[in-house]
Each structure stands twice: as structure tokens, then as C-alpha cells.
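Have a look at start-v3.txt; it's compact mmCIF, C-alpha atoms:
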```txt
# COMPACT_ATOMS: atom_id res chain seq x y z
CA MET A 120 101.79 105.09 119.64
CA ALA A 121 104.92 107.12 120.32
CA THR A 122 107.28 107.74 117.48
CA THR A 123 110.98 108.40 117.28
CA THR A 124 112.77 110.34 114.61
CA VAL A 125 114.52 108.47 111.83
CA SER A 126 115.77 111.54 110.01
CA ASN A 127 119.13 111.98 111.74
CA PHE A 128 121.70 109.78 113.43
CA PRO A 129 124.36 111.90 115.21
CA THR A 130 127.50 109.79 115.10
CA ALA A 131 130.26 109.42 117.67
CA MET A 132 133.10 107.04 116.91
CA SER A 133 136.81 106.36 117.25
CA ARG A 134 139.08 106.90 114.28
CA PRO A 135 142.76 107.50 113.69
CA ASN A 136 143.96 110.97 112.75
CA ILE A 137 145.12 110.65 109.14
CA PRO A 138 147.27 113.28 107.40
CA SER A 139 145.57 115.23 104.64
CA ALA A 140 146.63 114.69 101.06
CA GLN A 141 143.71 113.46 98.99
CA ARG A 142 139.95 114.08 99.03
CA PHE A 143 137.19 111.52 98.98
CA ALA A 144 135.10 111.35 95.83
CA ASN A 145 131.35 110.91 95.58
CA VAL A 146 130.52 111.58 99.24
CA SER A 147 126.87 112.28 100.10
CA PRO A 148 124.98 112.62 103.40
CA ALA A 149 123.88 108.98 103.37
CA ASN A 150 126.91 107.55 101.60
CA LEU A 151 130.47 107.81 102.85
CA GLY A 152 131.55 105.06 100.49
CA GLY A 153 133.30 107.07 97.78
CA ARG A 154 136.23 105.44 96.02
CA PHE A 155 139.64 105.93 97.55
CA LYS A 156 142.96 104.14 97.76
CA VAL A 157 143.57 102.19 100.93
CA ASP A 158 147.28 102.96 100.91
CA SER A 159 146.66 106.70 100.61
CA CYS A 160 143.53 107.22 102.70
CA HIS A 161 143.95 110.93 103.19
CA LYS A 162 141.85 113.99 103.84
CA LEU A 163 139.54 112.07 106.18
CA ALA A 164 139.94 114.71 108.84
CA SER A 165 139.00 117.56 106.52
CA VAL A 166 136.06 115.70 104.97
CA CYS A 167 134.59 114.85 108.36
CA HIS A 168 135.55 118.22 109.92
CA VAL A 169 137.19 116.45 112.84
CA ALA A 170 137.28 118.38 116.07
CA SER A 171 138.30 117.15 119.50
CA SER A 172 139.40 118.44 122.89
CA GLN A 173 141.53 115.31 123.33
CA PRO A 174 145.27 115.53 122.72
CA PHE A 175 146.12 114.89 119.09
CA LEU A 176 147.63 111.43 118.52
CA LYS A 177 149.63 110.74 115.40
CA MET A 178 149.58 107.71 113.17
CA THR A 179 153.02 106.60 111.99
CA ALA A 180 154.41 103.56 110.21
CA ALA A 181 155.79 102.32 113.52
CA ALA A 182 152.65 102.62 115.62
CA VAL A 183 149.00 103.47 115.28
CA LYS A 184 147.32 105.37 118.10
CA TYR A 185 143.66 106.26 118.28
CA LYS A 186 141.70 109.03 119.88
CA LYS A 187 138.01 109.61 120.38
CA ILE A 188 136.61 112.10 117.93
CA ARG A 189 133.14 113.31 117.00
CA THR A 190 132.22 113.44 113.34
CA ASN A 191 129.39 114.79 111.29
CA ALA A 192 128.76 113.37 107.83
CA MET A 193 128.70 116.12 105.24
CA SER A 194 128.30 116.39 101.52
CA VAL A 195 131.23 117.45 99.37
CA SER A 196 129.47 119.85 97.04
CA ASN A 197 129.85 123.29 95.53
CA SER A 198 127.95 124.86 98.42
CA ASP A 199 130.00 123.05 101.11
CA SER A 200 126.84 123.00 103.24
CA GLU A 201 127.10 120.68 106.24
CA VAL A 202 124.41 118.11 106.94
CA PRO A 203 124.28 117.08 110.62
CA GLY A 204 124.29 113.38 111.35
CA LEU A 205 123.56 110.59 108.90
CA PRO A 206 120.04 111.10 107.57
CA ILE A 207 117.84 108.21 106.50
CA ASP A 208 116.36 109.68 103.34
CA LEU A 209 113.90 107.48 101.47
CA LYS A 210 112.29 110.26 99.47
CA GLY A 211 111.41 109.03 96.00
CA LYS A 212 111.30 105.41 97.21
CA ARG A 213 108.19 103.26 97.22
CA ALA A 214 107.50 100.46 99.71
CA PHE A 215 105.03 97.58 99.64
CA ILE A 216 104.30 96.18 103.10
CA ALA A 217 102.49 92.83 103.08
CA GLY A 218 100.55 91.99 106.21
CA VAL A 219 99.11 95.25 107.61
CA ALA A 220 95.59 94.79 108.98
CA ASP A 221 95.51 97.11 112.00
CA ASP A 222 97.52 99.86 113.67
CA ASN A 223 99.33 98.04 116.46
CA GLY A 224 101.60 95.45 114.85
CA TYR A 225 105.13 95.51 113.53
CA GLY A 226 103.92 95.90 109.93
CA TRP A 227 102.20 99.18 110.80
CA ALA A 228 105.26 100.41 112.72
CA ILE A 229 107.50 99.64 109.74
CA ALA A 230 105.13 101.50 107.43
CA LYS A 231 105.27 104.54 109.75
CA SER A 232 109.06 104.61 109.94
CA LEU A 233 109.41 104.23 106.18
CA ALA A 234 106.86 107.04 105.71
CA ALA A 235 108.71 109.24 108.21
CA ALA A 236 111.84 108.77 106.11
CA GLY A 237 109.96 109.92 103.01
CA ALA A 238 108.91 106.66 101.33
CA GLU A 239 105.59 106.22 99.57
CA ILE A 240 103.56 103.50 101.29
CA LEU A 241 101.52 100.70 99.72
CA VAL A 242 100.10 97.93 101.88
CA GLY A 243 98.69 94.46 101.32
CA THR A 244 95.90 93.47 103.72
CA TRP A 245 94.51 89.99 104.31
CA VAL A 246 91.26 89.80 102.34
CA PRO A 247 88.92 88.93 105.27
CA ALA A 248 90.29 91.94 107.22
CA LEU A 249 90.25 94.37 104.28
CA ASN A 250 86.84 95.98 104.78
CA ILE A 251 87.37 96.65 108.48
CA PHE A 252 90.87 98.04 107.86
CA GLU A 253 89.81 100.36 105.04
CA SER A 254 86.75 101.48 106.98
CA SER A 255 88.88 102.32 110.02
CA LEU A 256 91.22 104.36 107.84
CA ARG A 257 88.33 106.29 106.27
CA ARG A 258 86.63 107.00 109.60
CA GLY A 259 89.83 108.33 111.15
CA LYS A 260 90.07 105.55 113.70
CA PHE A 261 93.81 105.25 113.03
CA ASP A 262 94.51 109.00 112.84
CA GLU A 263 96.19 109.15 116.24
CA SER A 264 98.53 106.25 115.44
CA ARG A 265 99.15 107.66 111.93
CA LYS A 266 100.83 110.73 113.42
CA LEU A 267 104.47 111.16 112.49
CA GLN A 268 107.02 113.14 114.49
CA ASP A 269 106.50 116.28 112.43
CA GLY A 270 102.78 116.22 113.20
CA SER A 271 101.68 115.05 109.77
CA LEU A 272 99.74 111.84 109.20
CA MET A 273 101.19 108.82 107.47
CA GLU A 274 99.59 108.52 104.05
CA ILE A 275 98.89 105.12 102.52
CA ALA A 276 98.84 105.52 98.75
CA LYS A 277 96.84 102.34 98.21
CA VAL A 278 95.60 99.30 100.07
CA TYR A 279 95.59 96.01 98.14
CA PRO A 280 93.66 92.89 99.10
CA LEU A 281 96.17 90.06 99.58
CA ASP A 282 96.22 86.43 100.61
CA ALA A 283 99.84 85.36 100.27
CA VAL A 284 98.97 81.68 100.74
CA TYR A 285 97.95 81.62 97.07
CA ASP A 286 100.43 82.39 94.30
CA ASN A 287 97.94 82.74 91.43
CA PRO A 288 94.21 82.32 90.71
CA GLU A 289 94.65 78.68 89.72
CA ASP A 290 95.82 77.87 93.26
CA VAL A 291 92.65 79.11 94.94
CA PRO A 292 90.29 76.27 96.00
CA GLU A 293 86.61 76.54 95.15
CA ASP A 294 85.57 76.70 98.79
CA VAL A 295 87.76 79.78 99.30
CA LYS A 296 86.39 81.44 96.17
CA ALA A 297 82.87 80.84 97.50
CA ASN A 298 83.67 82.01 101.03
CA LYS A 299 81.66 85.10 101.88
CA ARG A 300 84.71 86.70 103.53
CA TYR A 301 86.28 86.89 100.05
CA ALA A 302 83.12 88.13 98.35
CA GLY A 303 83.60 91.29 96.33
CA ALA A 304 87.41 91.11 96.40
CA SER A 305 89.46 90.42 93.29
CA ASN A 306 93.07 90.19 92.17
CA TRP A 307 94.31 89.20 95.62
CA THR A 308 96.77 86.38 94.93
CA VAL A 309 100.47 87.23 95.07
CA GLN A 310 100.88 87.23 91.29
CA GLU A 311 97.82 89.43 90.79
CA VAL A 312 98.85 91.92 93.46
CA ALA A 313 102.31 92.29 91.92
CA GLU A 314 100.69 92.87 88.54
CA SER A 315 98.31 95.44 90.02
CA VAL A 316 101.16 97.33 91.70
CA LYS A 317 103.07 97.35 88.41
CA LYS A 318 100.01 98.70 86.59
CA ASP A 319 99.32 101.36 89.23
CA PHE A 320 102.83 102.48 90.18
CA GLY A 321 105.35 100.83 87.87
CA THR A 322 108.03 99.83 90.36
CA ILE A 323 108.84 99.56 94.05
CA ASP A 324 112.09 99.85 95.99
CA ILE A 325 111.24 98.18 99.31
CA LEU A 326 109.38 94.93 99.98
CA VAL A 327 108.31 94.04 103.53
CA HIS A 328 106.96 90.64 104.57
CA SER A 329 105.01 90.94 107.83
CA LEU A 330 103.02 87.71 107.56
CA ALA A 331 102.69 84.65 109.78
CA ASN A 332 99.99 82.16 110.57
CA GLY A 333 99.97 78.75 112.22
CA PRO A 334 96.49 77.23 112.57
CA GLU A 335 97.79 74.76 115.17
CA VAL A 336 100.20 77.12 116.96
CA SER A 337 98.83 76.09 120.37
CA LYS A 338 99.70 72.42 119.80
CA PRO A 339 103.10 70.93 120.68
CA LEU A 340 105.18 70.18 117.60
CA SER A 341 104.94 66.43 118.21
CA GLU A 342 101.13 66.69 118.13
CA THR A 343 100.92 68.94 115.06
CA SER A 344 99.24 67.45 112.01
CA ARG A 345 100.93 67.35 108.63
CA LYS A 346 98.28 69.73 107.32
CA GLY A 347 98.82 72.19 110.17
CA TYR A 348 102.61 72.03 109.86
CA LEU A 349 102.60 72.66 106.12
CA ALA A 350 100.04 75.44 106.55
CA ALA A 351 102.39 77.22 108.97
CA LEU A 352 105.30 76.98 106.53
CA SER A 353 103.13 78.07 103.60
CA ALA A 354 101.78 81.19 105.27
CA SER A 355 104.84 82.15 107.31
CA SER A 356 107.87 81.32 105.17
CA TYR A 357 107.06 80.25 101.62
CA SER A 358 104.93 83.38 101.26
CA TYR A 359 108.18 85.39 101.47
CA ILE A 360 109.67 83.40 98.60
CA SER A 361 106.51 83.92 96.57
CA LEU A 362 106.39 87.66 97.25
CA LEU A 363 110.01 88.13 96.25
CA LYS A 364 109.58 85.93 93.17
CA HIS A 365 106.68 88.00 91.86
CA PHE A 366 107.82 91.45 93.01
CA LEU A 367 111.50 91.13 92.07
CA PRO A 368 110.83 91.96 88.38
CA ILE A 369 109.32 95.31 89.41
CA MET A 370 111.87 96.16 92.11
CA ASN A 371 114.40 98.82 91.29
CA GLN A 372 118.08 97.92 91.53
CA ASP A 373 119.67 98.39 94.98
CA GLY A 374 116.32 97.84 96.69
CA SER A 375 115.63 96.07 99.97
CA ALA A 376 113.47 93.12 101.06
CA ILE A 377 112.75 92.59 104.76
CA SER A 378 110.87 89.94 106.76
CA LEU A 379 110.14 89.40 110.44
CA THR A 380 111.31 86.36 112.38
CA TYR A 381 111.43 85.25 116.01
CA ILE A 382 113.97 83.68 118.38
CA ALA A 383 111.94 80.43 118.38
CA SER A 384 113.73 79.68 115.10
CA GLU A 385 116.85 78.77 117.07
CA ARG A 386 115.81 78.40 120.72
CA ILE A 387 113.10 76.34 122.39
CA ILE A 388 110.01 78.43 123.17
CA PRO A 389 107.46 76.08 124.76
CA GLY A 390 103.96 76.93 123.56
CA TYR A 391 105.12 78.32 120.22
CA GLY A 392 104.09 75.19 118.36
CA GLY A 393 102.18 74.02 115.35
CA GLY A 394 105.29 74.17 113.18
CA MET A 395 105.78 77.91 113.71
CA SER A 396 109.30 77.46 115.09
CA SER A 397 110.13 75.43 111.98
CA ALA A 398 108.59 78.11 109.76
CA LYS A 399 110.75 80.82 111.32
CA ALA A 400 113.87 78.67 110.95
CA ALA A 401 113.00 78.15 107.28
CA LEU A 402 112.44 81.88 106.86
CA GLU A 403 115.92 82.66 108.18
CA SER A 404 117.55 80.01 106.00
CA ASP A 405 115.62 81.26 102.97
CA THR A 406 116.77 84.80 103.76
CA ARG A 407 120.38 83.80 103.18
CA VAL A 408 119.68 81.97 99.91
CA LEU A 409 117.39 84.72 98.63
CA ALA A 410 120.03 87.31 99.51
CA PHE A 411 122.41 85.59 97.11
CA GLU A 412 119.87 85.13 94.33
CA ALA A 413 118.26 88.57 94.51
CA GLY A 414 121.64 90.19 95.09
CA ARG A 415 123.14 88.68 91.97
CA LYS A 416 120.08 89.47 89.85
CA LYS A 417 119.35 93.06 90.85
CA ARG A 418 121.54 93.95 93.86
CA ILE A 419 118.51 93.59 96.12
CA ARG A 420 119.42 93.24 99.80
CA VAL A 421 117.45 90.59 101.71
CA ASN A 422 117.40 90.62 105.52
CA THR A 423 115.14 89.55 108.37
CA ILE A 424 114.49 91.23 111.71
CA SER A 425 114.23 88.96 114.74
CA ALA A 426 111.88 91.03 116.86
CA GLY A 427 111.10 90.53 120.51
CA PRO A 428 107.56 89.81 121.73
CA LEU A 429 104.91 92.48 121.13
CA GLY A 430 101.35 92.39 122.41
CA SER A 431 99.75 92.87 119.01
CA ARG A 432 96.34 91.50 118.11
CA ALA A 433 97.95 88.82 115.93
CA ALA A 434 100.30 87.75 118.72
CA LYS A 435 97.38 87.31 121.10
CA ALA A 436 96.54 84.15 119.14
CA ILE A 437 99.58 82.46 120.68
CA GLY A 438 97.87 82.67 124.05
CA PHE A 439 100.85 83.49 126.29
CA ILE A 440 102.27 86.63 124.69
CA ASP A 441 101.91 88.68 127.90
CA MET A 442 104.03 86.16 129.79
CA MET A 443 106.70 86.35 127.06
CA ILE A 444 106.73 90.15 127.28
CA ASP A 445 107.20 89.96 131.06
CA TYR A 446 109.90 87.31 130.67
CA SER A 447 111.75 89.45 128.14
CA PHE A 448 111.59 92.52 130.36
CA THR A 449 112.91 90.58 133.34
CA ASN A 450 115.72 88.72 131.60
CA ALA A 451 116.96 90.87 128.67
CA PRO A 452 120.18 92.89 129.08
CA LEU A 453 118.18 96.05 128.36
CA GLN A 454 115.46 95.93 130.98
CA LYS A 455 112.90 98.10 129.23
CA GLU A 456 109.74 97.80 127.19
CA LEU A 457 110.25 96.96 123.52
CA HIS A 458 108.42 99.44 121.29
CA ALA A 459 107.14 98.60 117.84
CA GLU A 460 108.76 101.71 116.35
CA GLU A 461 112.19 100.36 117.34
CA VAL A 462 111.59 97.54 114.88
CA GLY A 463 110.17 100.05 112.39
CA ASN A 464 113.25 102.24 112.62
CA THR A 465 115.50 99.22 112.09
CA ALA A 466 113.56 98.42 108.93
CA ALA A 467 114.01 102.01 107.74
CA PHE A 468 117.75 101.71 108.31
CA LEU A 469 117.93 98.40 106.45
CA SER A 470 116.00 99.98 103.56
CA SER A 471 118.36 102.94 103.33
CA PRO A 472 121.75 103.46 101.69
CA LEU A 473 123.27 103.35 105.18
CA ALA A 474 122.78 99.55 105.07
CA SER A 475 124.08 99.18 101.51
CA ALA A 476 126.48 96.36 102.48
CA ILE A 477 124.12 94.41 104.77
CA THR A 478 122.33 91.41 103.29
CA GLY A 479 121.56 87.82 104.22
CA SER A 480 121.47 88.81 107.88
CA VAL A 481 119.27 88.23 110.91
CA ILE A 482 119.08 91.52 112.81
CA TYR A 483 117.99 91.14 116.44
CA VAL A 484 115.75 93.85 117.87
CA ASP A 485 114.78 92.35 121.21
CA ASN A 486 116.63 94.34 123.90
CA GLY A 487 119.38 91.71 123.68
CA LEU A 488 117.33 88.76 124.89
CA ASN A 489 118.81 86.57 122.14
CA ALA A 490 122.24 86.86 123.80
CA MET A 491 121.12 85.33 127.09
CA GLY A 492 121.98 81.75 127.92
CA VAL A 493 119.86 81.52 131.09
CA GLY A 494 116.90 83.30 132.60
CA VAL A 495 118.20 85.46 135.44
CA ASP A 496 114.81 85.29 137.18
CA SER A 497 115.50 81.65 138.03
CA PRO A 498 115.59 80.93 141.79
CA ILE A 499 119.09 79.47 141.43
CA PHE A 500 120.42 82.99 140.85
CA HIS A 501 118.70 84.61 143.83
CA GLN A 502 121.97 85.03 145.72
CA LEU A 503 123.72 86.78 142.83
CA ASP A 504 123.84 90.55 142.82
CA ILE A 505 122.21 91.04 139.42
CA PRO A 506 121.25 94.66 138.66
CA LYS A 507 117.52 95.12 138.17
CA GLU A 508 115.35 97.92 136.93
CA GLN A 509 113.86 99.86 139.82
CA HIS A 510 110.14 100.65 139.64
```

Take the structure in the file and give it back as C-alpha cells.
Amino acid sequence: MATTTVSNFPTAMSRPNIPSAQRFANVSPANLGGRFKVDSCHKLASVCHVASSQPFLKMTAAAVKYKKIRTNAMSVSNSDSEVPGLPIDLKGKRAFIAGVADDNGYGWAIAKSLAAAGAEILVGTWVPALNIFESSLRRGKFDESRKLQDGSLMEIAKVYPLDAVYDNPEDVPEDVKANKRYAGASNWTVQEVAESVKKDFGTIDILVHSLANGPEVSKPLSETSRKGYLAALSASSYSYISLLKHFLPIMNQDGSAISLTYIASERIIPGYGGGMSSAKAALESDTRVLAFEAGRKKRIRVNTISAGPLGSRAAKAIGFIDMMIDYSFTNAPLQKELHAEEVGNTAAFLSSPLASAITGSVIYVDNGLNAMGVGVDSPIFHQLDIPKEQH
């Protein structure tokens, strides 16, 4: 899997030239939010080291004119050393990613991007898949996909068995306890995993929910059973509530919680049935409510990423994922393949101080497909001169 760097974001933007009179306070490479007075917003040019070949345009009380300038974020410190770009620095942060069972899904990509930014990685793996996943890690089967941009391998500090359908041991039915796929595993309910993480590591800063399951996903919604519908909501949306409920007490202030959703929450995607569209809609609604509750309690930011289709092993269960990938490529504004690391890098951004004011949001990472009102591959548009990717 190819990787892209998440350590620097060179920034180009438009800003007014503001006369110098007062310095920013508390400016760091990843935080340009120091306190300053709006009516005397001075010294911006000197702080950002503004340089431009464009003619200088002045800002007066009568008129405001803008020019294009290029800026580099830099730290105001005793050394006055410049830091290029806006680095995503998660060193000293710890992330728990729920729902990693192989090396080709969005959960794995998020883990890699967080690791590339310096975060310590813990993962929760579905109990029946635990032995295969841990064995593959030990045997080096994932070594190629563990490679980060600097050549090092992503390290996973610990893998926890997890079945997020069950909140605590009392919820586990006897037939599940007796199931041979759960034999030998212990402390795998949400409550127990949170307690184990607290015992092993104390606290976390980042919580990622990469879980979804709909046992009747191939059935139309109108033919879905009550049991199948509720199972989809339990595994795909309520599990996020449960994770945040049990992990919030051990999350450090100003942390981040992220989930993954899909455009079927708001648009009709035939074939994505079994209550999964309802589960994704619930997940997005819950994201907004949880953002308020977790934000008021511990300033935890809660967001969800609406990712485009990816041909992961889990997505293969839907049955038509390859058609959705082709449809997205043909109809999205950005006519290119969607890579898992693009979702991973978005998660790293949302987990960083650069996203310190973003919460309760659905962030689309789908090459812009969500913005389309029609499919441009329809025969009715064959006479329109619509630009297409040349192969």
C-alpha cells in the first residue's frame, strides 16, 4: 500500500497585508490560535514572514484589498527557528482503533497515518479474527503494508480482543460464550477492553470506530427482519456510543473520536440494505449529539468521515463493491482512484491540533461524489461535452 506524508502541509492562501504593531502570543507550529485583539490584529506579516512578488496592496478604513501571499507557519520562540508548513505532530498521543482485522481496510490506513504522525497505536480486533490477525503480524505477513514513508514499520503496541456488540460480560449470551471461535479469549466486551487499556496504558487521546456489520445487508430494507435491522444498528452505530461511553473516562482532555460513515446515510444506494443505510444515518446523527456531550465534558471532538467505496475484504460482503468503485470513478468530480491512506490522513488531521475547532461534522473523503446530483455516465448526457479522464 502506498503511503503519503502527513508530517507537513505547505500552505498557500490569500490574506490582507496588515500593518505591524503587535505580536501574536502563544504561537506554535501546529497552533496559530494565540490570543489577539480583533481590532488591533497586527504583526501578522512579521509572524508569518510574508513574502510576495505581487504588488503590495494596502488595507485602509475605506477599502480592503487582498493579494495572494505564501506563508509558512513558524514558532515564536527564543531560537526563532522556522518550521516549514503546518506539521501534524501526534507524538506523545495514544490511539485506540476499534475494528482492525487485516491490512487493507480503512481502520488499518488510519492506524498507519496516526503512527506516521507519531501516535502510539492500540487496536481492537474482532475476537473470531484475532488469532489470524496476530499470527499474520508475527509472521511478517503485514510487513510490506506496515511500511511508513520514512522506511520504518508501523508498530502496534498491543492488540486487544473486542466484540463491540456486547457492552459488558452480562450481555454475552451463553451460546456465544460456548462458541469455539471465542474459546481462549477473555475480557473482550467494550467495558472490559476499556478497563484493560486503562490498566495497561492509563489513558488515550484518540478513539477510532471502524466497525460495521449488517447480517442482512443483501436484503432490501422492506424485506429486512426486525432482528437483522436491529443487529445492523447495534454493530454499526450503537457500538460507537458504547465505545465513547466506556473510553471517555480515560480520554485526555482535547482528544478526538472518529467514526466512518457512508453516503447511503443520506442518498439511496440500491443493494446497501439490511438496515445499514439506517445505521449510517443514526451514526451521523449520534455524532452531532455526542460532539456536544463529549465536548462539554472533556473538550473531546467527535467527527465522522464519510468515505468513498473501497474494495476491502469487509466491503466484499456487500456483493457489488467493485461496481460502486467503478461508478465513483466515472461520476465523481475527481476522476481518480480513492486510496485508503487519503482517509487515514484525514483522520490524522482530525486528531491533530490543526482541527481543534472541528467537531460534530461529517467530513467527506470520496473524490467529491457526494456533491453530484446525477450520474454523468447516464445515456441522457451523451451529447454533453463532459471532460473525462483519458486512459

Considering all atoms listed in the file, return as a PDB file with C-alpha atoms, in the frame of the given file whatever protein or nucleic-acid residues lie within 10 Å of Lys507 of chain A, sequence-local ones (same chain, fewer than 5 positions apart) excluded.
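Ended up saving to around_21.pdb:
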```pdb
ATOM      1  CA  THR A 449     112.910  90.580 133.340  1.00  0.00           C
ATOM      2  CA  ASN A 450     115.720  88.720 131.600  1.00  0.00           C
ATOM      3  CA  PRO A 452     120.180  92.890 129.080  1.00  0.00           C
ATOM      4  CA  LEU A 453     118.180  96.050 128.360  1.00  0.00           C
ATOM      5  CA  GLN A 454     115.460  95.930 130.980  1.00  0.00           C
TER       6      GLN A 454
END
```

Atom CA of Gly479 of chain A and atom CA of Val408 of chain A, how far apart in Å?
->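 About the pair atom CA of Val408 of chain A and atom CA of Gly479 of chain A: they are 7.5 Å apart.
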
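Between atom CA of Ser232 of chain A and atom CA of Gly374 of chain A there is a distance of 16.6 Å.
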
Find the spatial neighbours of Asn486 of chain A, counting only C-alpha atoms, within a cut-off of 12 Å - ignore same-chain residues fewer than 6 positions away - and output them as a ChimeraX atom specification.
-> /A:425-428,444,446-458,461-462

Work out how far apart atom CA of Asp324 of chain A and atom CA of Arg213 of chain A are and give it in Å to one decimal.
->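 According to the coordinates, atom CA of Asp324 of chain A and atom CA of Arg213 of chain A are separated by 5.3 Å.
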
For Gly303 of chain A, the nearest of the candidates A:Val291, A:Gly333, A:Gly259, A:Val246, counting all atoms listed in the file =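 Of A:Val291, A:Gly333, A:Gly259, A:Val246, the one nearest Gly303 of chain A is A:Val246, counting all atoms listed in the file.
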
Fewer than 5 positions away in the same chain doesn't count, so skip those; otherwise give me all residues within 10 Å of Pro247 of chain A, counting all atoms listed in the file, as a PyMOL selection string.
-> chain A and resi 220+252+280-282+298-302+304

With all atoms listed in the file as the atoms that count, which of A:Glu289, A:Glu263, A:Asp373, A:Glu274 lies nearest to Asn306 of chain A?
->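 Distance minimum relative to Asn306 of chain A lands on A:Glu289.
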
Determine the nearest neighbour of His365 of chain A from the options A:Leu469, A:Ile251, A:Val312, A:Ala228, counting all atoms listed in the file.
->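 Of A:Leu469, A:Ile251, A:Val312, A:Ala228, the one nearest His365 of chain A, counting all atoms listed in the file, is A:Val312.
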
Of the candidates A:Ser329, A:Gln372, A:Ser361, A:Ser355, which shows the shortest atom-to-atom distance to Ala313 of chain A, using all atoms listed in the file?
->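 Under the stated criterion, the closest residue is A:Ser361.
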
Of A:Ser375, A:His328, A:Ala236, A:Gly414, the one nearest to Ile207 of chain A when counting only C-alpha atoms is A:Ala236

Nearest to Ile229 of chain A: which of A:Glu253, A:Glu293, A:Glu385, A:Glu460 is it, counting all atoms listed in the file?
->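 So, comparing all the options, the nearest one is A:Glu460.
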
Write out as a ChimeraX atom specification the residues lying within 8 Å of Thr380 of chain A, counting only C-alpha atoms and excluding same-chain residues fewer than 6 positions away.
-> /A:399,402-403,423-426

Please produce an output containing C-alpha atoms for each residue in the selection, written as a CSV table (one decimal), in the frame of the given file.
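Saved file out00.csv follows:
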```
chain,number,residue,atom,x,y,z
A,399,LYS,CA,110.8,80.8,111.3
A,402,LEU,CA,112.4,81.9,106.9
A,403,GLU,CA,115.9,82.7,108.2
A,423,THR,CA,115.1,89.6,108.4
A,424,ILE,CA,114.5,91.2,111.7
A,425,SER,CA,114.2,89.0,114.7
A,426,ALA,CA,111.9,91.0,116.9
```

Non-local contacts of Tyr391 of chain A (12 Å; only C-alpha atoms; under 4 positions in same chain excluded) as JSON, numbers by chain | {"A": [332, 333, 334, 335, 336, 337, 338, 339, 340, 343, 351, 381, 382, 383, 384, 386, 387, 395, 396, 397, 398, 399, 428, 434, 435, 436, 437, 438, 439, 440, 443]}

Can you give me N, CA and C atoms for segment 437-448 of chain A, written as a PDB file, in the frame of the given file?
```
ATOM      1  N   ILE A 437      98.672  83.440 120.095  1.00  0.00           N
ATOM      2  CA  ILE A 437      99.580  82.460 120.680  1.00  0.00           C
ATOM      3  C   ILE A 437      99.090  82.050 122.066  1.00  0.00           C
ATOM      4  N   GLY A 438      98.476  83.005 122.773  1.00  0.00           N
ATOM      5  CA  GLY A 438      97.870  82.670 124.050  1.00  0.00           C
ATOM      6  C   GLY A 438      98.693  83.024 125.271  1.00  0.00           C
ATOM      7  N   PHE A 439     100.015  83.185 125.131  1.00  0.00           N
ATOM      8  CA  PHE A 439     100.850  83.490 126.290  1.00  0.00           C
ATOM      9  C   PHE A 439     101.789  84.657 126.007  1.00  0.00           C
ATOM     10  N   ILE A 440     101.389  85.545 125.099  1.00  0.00           N
ATOM     11  CA  ILE A 440     102.270  86.630 124.690  1.00  0.00           C
ATOM     12  C   ILE A 440     102.602  87.557 125.861  1.00  0.00           C
ATOM     13  N   ASP A 441     101.641  87.797 126.761  1.00  0.00           N
ATOM     14  CA  ASP A 441     101.910  88.680 127.900  1.00  0.00           C
ATOM     15  C   ASP A 441     102.989  88.107 128.802  1.00  0.00           C
ATOM     16  N   MET A 442     102.986  86.794 128.987  1.00  0.00           N
ATOM     17  CA  MET A 442     104.030  86.160 129.790  1.00  0.00           C
ATOM     18  C   MET A 442     105.398  86.314 129.118  1.00  0.00           C
ATOM     19  N   MET A 443     105.434  86.200 127.781  1.00  0.00           N
ATOM     20  CA  MET A 443     106.700  86.350 127.060  1.00  0.00           C
ATOM     21  C   MET A 443     107.221  87.777 127.153  1.00  0.00           C
ATOM     22  N   ILE A 444     106.320  88.752 127.125  1.00  0.00           N
ATOM     23  CA  ILE A 444     106.730  90.150 127.280  1.00  0.00           C
ATOM     24  C   ILE A 444     107.327  90.371 128.664  1.00  0.00           C
ATOM     25  N   ASP A 445     106.684  89.831 129.692  1.00  0.00           N
ATOM     26  CA  ASP A 445     107.200  89.960 131.060  1.00  0.00           C
ATOM     27  C   ASP A 445     108.540  89.256 131.203  1.00  0.00           C
ATOM     28  N   TYR A 446     108.645  88.063 130.603  1.00  0.00           N
ATOM     29  CA  TYR A 446     109.900  87.310 130.670  1.00  0.00           C
ATOM     30  C   TYR A 446     111.032  88.099 130.012  1.00  0.00           C
ATOM     31  N   SER A 447     110.737  88.681 128.858  1.00  0.00           N
ATOM     32  CA  SER A 447     111.750  89.450 128.140  1.00  0.00           C
ATOM     33  C   SER A 447     112.199  90.650 128.959  1.00  0.00           C
ATOM     34  N   PHE A 448     111.239  91.349 129.559  1.00  0.00           N
ATOM     35  CA  PHE A 448     111.590  92.520 130.360  1.00  0.00           C
ATOM     36  C   PHE A 448     112.484  92.132 131.536  1.00  0.00           C
TER      37      PHE A 448
END
```
